[in-house]
Amino acid sequence: MLTKNVLKVIYGVGMAGLLLSCASEKTEVKPNIVVIYLDDLGYGDVGAYGATELKTPNMDKLAEGGVRFTNGYASSATCTPSRYALLTGTYPWRNKDAKILPGTAPLLIKTNQLTLPKILKEQGYHTGIVGKWHLGLGEGHVDWNQRVSPGPNEVGFDYSYIMAATQDRVPTVYIQNGNVAGLDPADPIEVSYKENFEGEPTAIDHPEMLKMNWNDGHNNSIVNGIPRIGYMKGGKSAHWVDEDMADHFLEKAKAYVKDHKNEPFFLYYAMQQPHVPRTPHPRFVGKSGLGPRGDVIMEADWCIGEFLKTLEEEALLENTLIVFSSDNGPVLDDGYDDYAVEKLGKHTPWGPLRGGKYSLFEAGTRVPFVTYWKGKIEPKVSDAMVCQMDLLSSLAKFTGSELSTQDSEQLLDVFMGKSEKGRAKLIIEAAGRTALHHGDWLMIPPYDGPAVSVNVNIELGNSKDYQLYNLKEDIGQQNNLAKSNPEKLEEMVKVFKEIRGE
Ligand code: NG6
Ligand code: CA
C-alpha cells in the first residue's frame, strides 16, 4: 500500500561509465492496477465459483489467491451501463442514455466528468485501455476515416486500443488512440445503423455467405462470414479477424505492460469473451466440450494466464493490484446459432442464482469479482457486498487521492481483504428497470413486461407484484416474501425511493 513506502534504489552509472553513483534515490513506487473485465461471464462460469464442467485454472488462481467476493456486483445486467458505472463511479440510471449502444452512438461519458482513469492519471499513473469500449465515440456524426474523438483518450486514457462497441456490432475494426488501425485511405469506411450501402451483402440477401447463422437480430452486414448488427462498407484492410481477436488484444495488453513497466500504470483489459459471436481461435475449438461458449471461456482463461506470465516475467506481479470481474451475467443463445444451449450439458453459467443477462434477478448483476495482489492481499472469501462502481473511490484512495463520487463508496479495506464492511445498499439496473439491495434483502418493484425473454430464455424479474427476497436464506429467489413481510417491504420501498430521489 502507498502508506508503506517502498524503497527504490536507483544506481546511476556516471558519464565515464566507471563510477557507480552513490546517489541513491528514495522514491515511492506506486503499485500498478489492472482491471481484467470479461463480457457476459456468469457467476457460475468460473471454477473457483463452483463450475465443475469447465476448467478455468487462471481465473481460479486469481480467485483463490485473492479476495473472492460472493456478493460482488456489476451495476447493471448489460454492458454499457456497467462499464459506465465502473469508469465514472456513477449509477447508470442517472444517465438516460446509459443503455446498450449502437456502434455509432456518441460518447456517453462527458469529457469534463470525473473518471477512474482521470483520477489515476492525476496520481501519476499512465492509463490504458485494451479491448471492448461500448461507451460511444464522437459527437454523433463520426467520420471513421478521420481521428474519432472524443473517445477514451478524452476521458482519461493515455492509450487506447479498442473495439468501438461489441463483437457483433459494426464497425468491425480496431481503433488505436482514435484512429482505425490499418485503414487504407483508398478504401474509406462507412457505417450506418439505419440503412445498407448499395451492393453490400446482408445476411438476409446472402445467407449462403454465412459461416455462423443468426436467429435474432444480427442480420445486417456480413463480415468474415459473420452477420452483424449494423451496416458497414469499405475499410477492408482494417477488418478484424474474429478468431484472432483474443490473441490480438492479449498482445496489445502485454505490449502495454512492457512499454510502461517503468512507471505506475493502470490497464483496463476489457476482454470480449464470452459475448457473441463466440469465435474461439482454432486451437481452442472443441476443447471445452461445451461448444463455442465454453471454448471461448477457456480461451479467455488462457489469455489471463499468459497476461499473468508477462507480469511475472517483468517482475511486476508483486507490485500490481489485479481486479477481475465481468460486466453482466451469462446468456446462452444471444442471437446466433452457436449451440450454447444444446451443448451446455451439466454446466450452470449462473451458478445457484436465478436469471441471467438482462435480468433483475441475481444472475444478471452478481458476477465473479476478485481482487488479487500477490504477497499483499491474503487469500479469503468475502461475503461483503461490493459493486464495480465502488472501484473509483476505492482505487483513488489506494493511490492517495481523496476524490470520489456520490455513488461510489470508498471500500478500499474491503477490497484489500481487511474488512467485511461492504455496502449496505445498492441499486441494480437491468434495461432501465431498477431494484434495491439492502443488507440481505432484495426488493424488485412491479414492472410490466414479460416475465421471461423468449429470445434468450431468461427470466427478467418482471412481475405485476412487488418482489422481496432474503438472499441469505434464499439465494435462488424462490420465496417472494413481499406479502408475508409487509414491514420489510415498506422499509425497502422507502429506501429505494430515497436513493432514486423519487
Ligand atoms: C442485444 C443483442 C445481443 C447483444 C446485446 C449487447 C440482439 C437480438 N441482441 O441487443 O446479441 O449484442 O445487445 O450485449 O441483437 S452487451 O453485453 O454488450 O450488453
Ligand atoms: Ca456484456
# chains A, B, ... in the order shown; residues from 1 in each chain; ligands from 1
>>> select_by_dssp(residues="stretch 96-215 of chain A", states="strand (DSSP E)", output="CSV table (one decimal) with N, CA and C atoms, in the first residue's frame")
chain,number,residue,atom,x,y,z
A,126,HIS,N,0.2,6.1,-15.7
A,126,HIS,CA,-0.1,6.0,-17.1
A,126,HIS,C,-1.3,5.2,-17.2
A,127,THR,N,-2.2,5.6,-18.1
A,127,THR,CA,-3.5,4.8,-18.1
A,127,THR,C,-3.8,4.3,-19.5
A,128,GLY,N,-4.2,3.0,-19.6
A,128,GLY,CA,-4.5,2.4,-20.9
A,128,GLY,C,-5.7,1.5,-20.9
A,129,ILE,N,-6.4,1.5,-22.0
A,129,ILE,CA,-7.5,0.5,-22.2
A,129,ILE,C,-7.2,-0.3,-23.4
A,130,VAL,N,-7.4,-1.6,-23.3
A,130,VAL,CA,-7.3,-2.6,-24.4
A,130,VAL,C,-8.5,-3.4,-24.4
A,131,GLY,N,-9.3,-3.4,-25.5
A,131,GLY,CA,-10.4,-4.3,-25.6
A,131,GLY,C,-11.7,-3.5,-25.9
A,132,LYS,N,-12.8,-4.0,-25.2
A,132,LYS,CA,-14.1,-3.5,-25.6
A,132,LYS,C,-14.4,-2.2,-24.9
A,159,TYR,N,-3.7,5.9,-23.4
A,159,TYR,CA,-3.6,5.0,-24.6
A,159,TYR,C,-4.9,4.2,-24.7
A,160,SER,N,-5.3,4.0,-25.9
A,160,SER,CA,-6.5,3.2,-26.1
A,160,SER,C,-6.3,2.3,-27.4
A,161,TYR,N,-6.7,1.1,-27.2
A,161,TYR,CA,-6.8,0.1,-28.4
A,161,TYR,C,-8.0,-0.7,-28.2
A,162,ILE,N,-9.1,-0.3,-28.9
A,162,ILE,CA,-10.4,-0.8,-28.6
A,162,ILE,C,-11.2,-1.3,-29.8
A,163,MET,N,-12.2,-2.0,-29.5
A,163,MET,CA,-13.3,-2.1,-30.5
A,163,MET,C,-14.4,-1.1,-30.0
A,174,TYR,N,-10.4,-2.3,-35.3
A,174,TYR,CA,-9.8,-1.9,-34.1
A,174,TYR,C,-9.5,-0.4,-34.2
A,175,ILE,N,-9.6,0.3,-33.1
A,175,ILE,CA,-9.3,1.8,-33.1
A,175,ILE,C,-8.2,2.1,-32.1
A,176,GLN,N,-7.1,2.6,-32.6
A,176,GLN,CA,-6.0,2.9,-31.7
A,176,GLN,C,-5.9,4.4,-31.5
A,179,ASN,N,-7.8,6.4,-34.0
A,179,ASN,CA,-7.7,6.1,-35.5
A,179,ASN,C,-7.9,4.6,-35.8
A,180,VAL,N,-8.7,4.4,-36.8
A,180,VAL,CA,-8.9,3.0,-37.2
A,180,VAL,C,-7.6,2.4,-37.6
A,190,GLU,N,-17.4,3.2,-44.1
A,190,GLU,CA,-18.7,3.9,-43.8
A,190,GLU,C,-19.5,3.0,-43.0
A,191,VAL,N,-20.2,3.6,-42.0
A,191,VAL,CA,-21.0,2.8,-41.1
A,191,VAL,C,-22.4,3.5,-40.9
A,192,SER,N,-23.4,2.6,-40.9
A,192,SER,CA,-24.8,3.1,-40.6
A,192,SER,C,-25.6,2.1,-39.9
>>> residues_around(residues="A:Asp295", least_positions_apart="3", cutoff="9 Å", atoms="only C-alpha atoms", output="compact mmCIF listing (two decimals) with C-alpha atoms, in the first residue's frame")
# COMPACT_ATOMS: atom_id res chain seq x y z
CA PRO A 274 -17.83 -14.98 -23.87
CA ARG A 278 -18.25 -16.73 -29.97
CA THR A 279 -15.29 -17.32 -32.24
CA PRO A 280 -12.54 -19.25 -30.48
CA HIS A 281 -9.16 -19.44 -32.15
CA PHE A 284 -9.49 -23.82 -28.66
CA VAL A 285 -12.25 -25.16 -30.92
CA GLY A 286 -13.89 -28.17 -29.31
CA LYS A 287 -11.64 -28.01 -26.26
CA SER A 288 -14.35 -27.47 -23.66
CA GLY A 289 -16.87 -29.97 -24.97
CA LEU A 290 -19.48 -27.28 -24.29
CA GLY A 291 -19.45 -25.69 -27.71
CA PRO A 292 -18.07 -22.26 -28.63
CA MET A 298 -11.19 -21.49 -21.92
CA GLU A 299 -9.52 -19.16 -24.38
CA ALA A 300 -10.11 -16.18 -22.08
>>> residues_near_ligand(ligand="ligand 1", cutoff="7 Å", atoms="only C-alpha atoms and all ligand atoms", output="number ranges by chain")
A: 39-40, 78-80, 100, 166, 168, 216-218, 229, 275-276, 328, 334-335
>>> write_last_selection(atoms="N, CA and C atoms", output="mmCIF file, in the first residue's frame")
data_model
loop_
_atom_site.group_PDB
_atom_site.id
_atom_site.type_symbol
_atom_site.label_atom_id
_atom_site.label_comp_id
_atom_site.auth_asym_id
_atom_site.auth_seq_id
_atom_site.Cartn_x
_atom_site.Cartn_y
_atom_site.Cartn_z
ATOM 1 N N ASP A 39 -16.792 -10.139 -20.580
ATOM 2 C CA ASP A 39 -18.058 -9.702 -21.163
ATOM 3 C C ASP A 39 -19.053 -10.862 -21.105
ATOM 4 N N ASP A 40 -20.040 -10.769 -20.243
ATOM 5 C CA ASP A 40 -21.092 -11.795 -20.108
ATOM 6 C C ASP A 40 -20.616 -13.066 -19.396
ATOM 7 N N THR A 78 -26.498 -5.368 -18.211
ATOM 8 C CA THR A 78 -25.988 -5.258 -19.587
ATOM 9 C C THR A 78 -24.703 -4.432 -19.564
ATOM 10 N N CYS A 79 -24.091 -4.406 -20.739
ATOM 11 C CA CYS A 79 -22.713 -3.941 -20.851
ATOM 12 C C CYS A 79 -22.491 -2.449 -20.649
ATOM 13 N N THR A 80 -23.113 -1.645 -21.506
ATOM 14 C CA THR A 80 -22.820 -0.211 -21.488
ATOM 15 C C THR A 80 -23.029 0.408 -20.100
ATOM 16 N N ILE A 100 -27.689 -0.194 -23.806
ATOM 17 C CA ILE A 100 -26.875 -0.845 -24.853
ATOM 18 C C ILE A 100 -26.781 0.074 -26.077
ATOM 19 N N THR A 166 -19.354 -3.734 -29.747
ATOM 20 C CA THR A 166 -19.344 -5.148 -29.370
ATOM 21 C C THR A 166 -18.830 -5.935 -30.572
ATOM 22 N N ASP A 168 -20.365 -8.143 -32.087
ATOM 23 C CA ASP A 168 -21.439 -8.383 -33.055
ATOM 24 C C ASP A 168 -21.949 -7.106 -33.721
ATOM 25 N N ASP A 216 -31.780 -14.087 -34.188
ATOM 26 C CA ASP A 216 -32.468 -12.905 -33.674
ATOM 27 C C ASP A 216 -31.548 -11.713 -33.906
ATOM 28 N N GLY A 217 -32.075 -10.671 -34.564
ATOM 29 C CA GLY A 217 -31.207 -9.522 -34.893
ATOM 30 C C GLY A 217 -30.047 -10.015 -35.740
ATOM 31 N N HIS A 218 -28.908 -9.363 -35.675
ATOM 32 C CA HIS A 218 -27.682 -9.881 -36.303
ATOM 33 C C HIS A 218 -27.865 -10.303 -37.756
ATOM 34 N N ILE A 229 -24.845 -6.650 -36.370
ATOM 35 C CA ILE A 229 -25.839 -5.609 -36.155
ATOM 36 C C ILE A 229 -25.248 -4.346 -36.774
ATOM 37 N N HIS A 275 -18.984 -13.084 -24.879
ATOM 38 C CA HIS A 275 -20.040 -12.410 -25.639
ATOM 39 C C HIS A 275 -20.115 -12.996 -27.058
ATOM 40 N N VAL A 276 -21.269 -12.881 -27.668
ATOM 41 C CA VAL A 276 -21.423 -13.320 -29.069
ATOM 42 C C VAL A 276 -20.810 -12.299 -30.019
ATOM 43 N N ASN A 328 -21.657 -8.260 -16.820
ATOM 44 C CA ASN A 328 -23.033 -8.694 -16.527
ATOM 45 C C ASN A 328 -23.051 -10.216 -16.558
ATOM 46 N N ASP A 334 -27.720 -15.791 -27.548
ATOM 47 C CA ASP A 334 -27.870 -14.326 -27.583
ATOM 48 C C ASP A 334 -28.018 -13.833 -29.022
ATOM 49 N N GLY A 335 -28.598 -14.687 -29.876
ATOM 50 C CA GLY A 335 -28.927 -14.229 -31.219
ATOM 51 C C GLY A 335 -28.213 -14.951 -32.347
#
>>> residues_near_ligand(ligand="ligand 2", cutoff="12 Å", atoms="only C-alpha atoms and all ligand atoms", output="PyMOL selection string")
chain A and resi 37-42+74-83+99-101+132-134+165-168+270-276+325-331+334+356-358+364-365+367+430
>>> residues_around(residues="A:Pro352", least_positions_apart="3", cutoff="12 Å", atoms="only C-alpha atoms", output="ChimeraX atom specification")
/A:42-45,49-51,70,347-349,355-356,361-363,366-367,471,474-478
>>> write_last_selection(atoms="C-alpha atoms", output="CSV table (one decimal), in the first residue's frame")
chain,number,residue,atom,x,y,z
A,42,GLY,CA,-21.5,-15.7,-15.3
A,43,TYR,CA,-21.2,-16.2,-11.6
A,44,GLY,CA,-21.1,-20.0,-12.2
A,45,ASP,CA,-18.7,-19.9,-15.2
A,49,TYR,CA,-17.2,-20.1,-8.1
A,50,GLY,CA,-18.3,-23.7,-8.4
A,51,ALA,CA,-18.0,-24.6,-12.0
A,70,THR,CA,-19.5,-13.8,-3.2
A,347,HIS,CA,-22.7,-26.7,-16.8
A,348,THR,CA,-24.6,-23.9,-15.0
A,349,PRO,CA,-23.2,-20.5,-16.0
A,355,GLY,CA,-32.0,-15.2,-14.1
A,356,GLY,CA,-29.1,-14.1,-16.3
A,361,PHE,CA,-32.8,-11.4,-10.7
A,362,GLU,CA,-29.4,-12.1,-9.2
A,363,ALA,CA,-27.6,-13.8,-12.1
A,366,ARG,CA,-24.0,-10.7,-9.3
A,367,VAL,CA,-20.7,-11.7,-11.1
A,471,LEU,CA,-30.9,-13.7,-0.3
A,474,ASP,CA,-32.9,-18.0,-0.4
A,475,ILE,CA,-30.1,-17.4,-2.9
A,476,GLY,CA,-32.2,-18.9,-5.7
A,477,GLN,CA,-35.0,-16.4,-5.2
A,478,GLN,CA,-37.8,-18.9,-4.8
>>> select_by_dssp(residues="stretch 213-401 of chain A", states="alpha helix (DSSP H)", output="PyMOL selection string")
chain A and resi 245-259+292-313+362-365+391-398
>>> closest_atom_pairs(of="stretch 167-265 of chain A", to="stretch 301-321 of chain A", cutoff="10 Å", atoms="only C-alpha atoms", output="CSV")
residue,atom,partner,partner_atom,distance
A:Ala246,CA,A:Cys303,CA,7.3
A:Asp247,CA,A:Cys303,CA,7.4
A:Phe249,CA,A:Cys303,CA,9.1
A:Leu250,CA,A:Cys303,CA,6.3
A:Glu251,CA,A:Phe307,CA,8.8
A:Ala253,CA,A:Phe307,CA,7.5
A:Lys254,CA,A:Phe307,CA,6.3
A:Ala255,CA,A:Thr310,CA,9.3
A:Val257,CA,A:Leu311,CA,7.5
A:Lys258,CA,A:Glu314,CA,7.4
A:Lys261,CA,A:Glu314,CA,7.5
A:Asn262,CA,A:Leu316,CA,9.9
A:Pro264,CA,A:Thr320,CA,9.2
A:Phe265,CA,A:Thr320,CA,9.0
>>> write_last_selection(atoms="N, CA and C atoms", output="tab-separated table (two decimals), in the first residue's frame")
chain	number	residue	atom	x	y	z
A	246	ALA	N	-8.88	-12.53	-29.55
A	246	ALA	CA	-8.37	-12.75	-28.18
A	246	ALA	C	-6.85	-12.62	-28.16
A	247	ASP	N	-6.19	-13.25	-29.13
A	247	ASP	CA	-4.73	-13.16	-29.21
A	247	ASP	C	-4.29	-11.72	-29.45
A	249	PHE	N	-5.86	-8.79	-28.73
A	249	PHE	CA	-5.97	-7.95	-27.53
A	249	PHE	C	-4.91	-8.35	-26.49
A	250	LEU	N	-4.67	-9.66	-26.38
A	250	LEU	CA	-3.65	-10.11	-25.43
A	250	LEU	C	-2.29	-9.50	-25.78
A	251	GLU	N	-1.94	-9.54	-27.06
A	251	GLU	CA	-0.65	-8.96	-27.48
A	251	GLU	C	-0.58	-7.49	-27.12
A	253	ALA	N	-2.25	-5.95	-24.75
A	253	ALA	CA	-2.19	-5.80	-23.29
A	253	ALA	C	-0.78	-6.08	-22.79
A	254	LYS	N	-0.17	-7.12	-23.33
A	254	LYS	CA	1.21	-7.45	-22.92
A	254	LYS	C	2.18	-6.33	-23.33
A	255	ALA	N	2.00	-5.83	-24.53
A	255	ALA	CA	2.88	-4.76	-25.01
A	255	ALA	C	2.71	-3.52	-24.14
A	257	VAL	N	1.98	-3.40	-20.98
A	257	VAL	CA	2.70	-3.64	-19.72
A	257	VAL	C	4.21	-3.43	-19.95
A	258	LYS	N	4.72	-4.00	-21.01
A	258	LYS	CA	6.17	-3.89	-21.27
A	258	LYS	C	6.57	-2.44	-21.53
A	261	LYS	N	6.34	-0.48	-17.98
A	261	LYS	CA	6.77	-1.15	-16.74
A	261	LYS	C	7.60	-0.26	-15.83
A	262	ASN	N	8.14	0.81	-16.37
A	262	ASN	CA	8.98	1.67	-15.54
A	262	ASN	C	8.24	2.84	-14.92
A	264	PRO	N	4.23	3.79	-12.89
A	264	PRO	CA	2.98	3.17	-12.44
A	264	PRO	C	1.96	3.22	-13.57
A	265	PHE	N	1.27	2.11	-13.79
A	265	PHE	CA	0.28	2.11	-14.86
A	265	PHE	C	-1.04	1.53	-14.39
>>> closest_residue(among="A:Val155, A:Asp413, A:Asn457, A:Ile322", to="A:Lys61", atoms="only C-alpha atoms")
A:Ile322
>>> closest_residue(among="A:Ser453, A:Thr202, A:Gln467, A:Asn196", to="A:Arg228", atoms="only C-alpha atoms")
A:Thr202
>>> closest_residue(among="A:Lys121, A:Arg293, A:Lys233, A:Arg433", to="A:Ser401", atoms="only C-alpha atoms")
A:Lys121
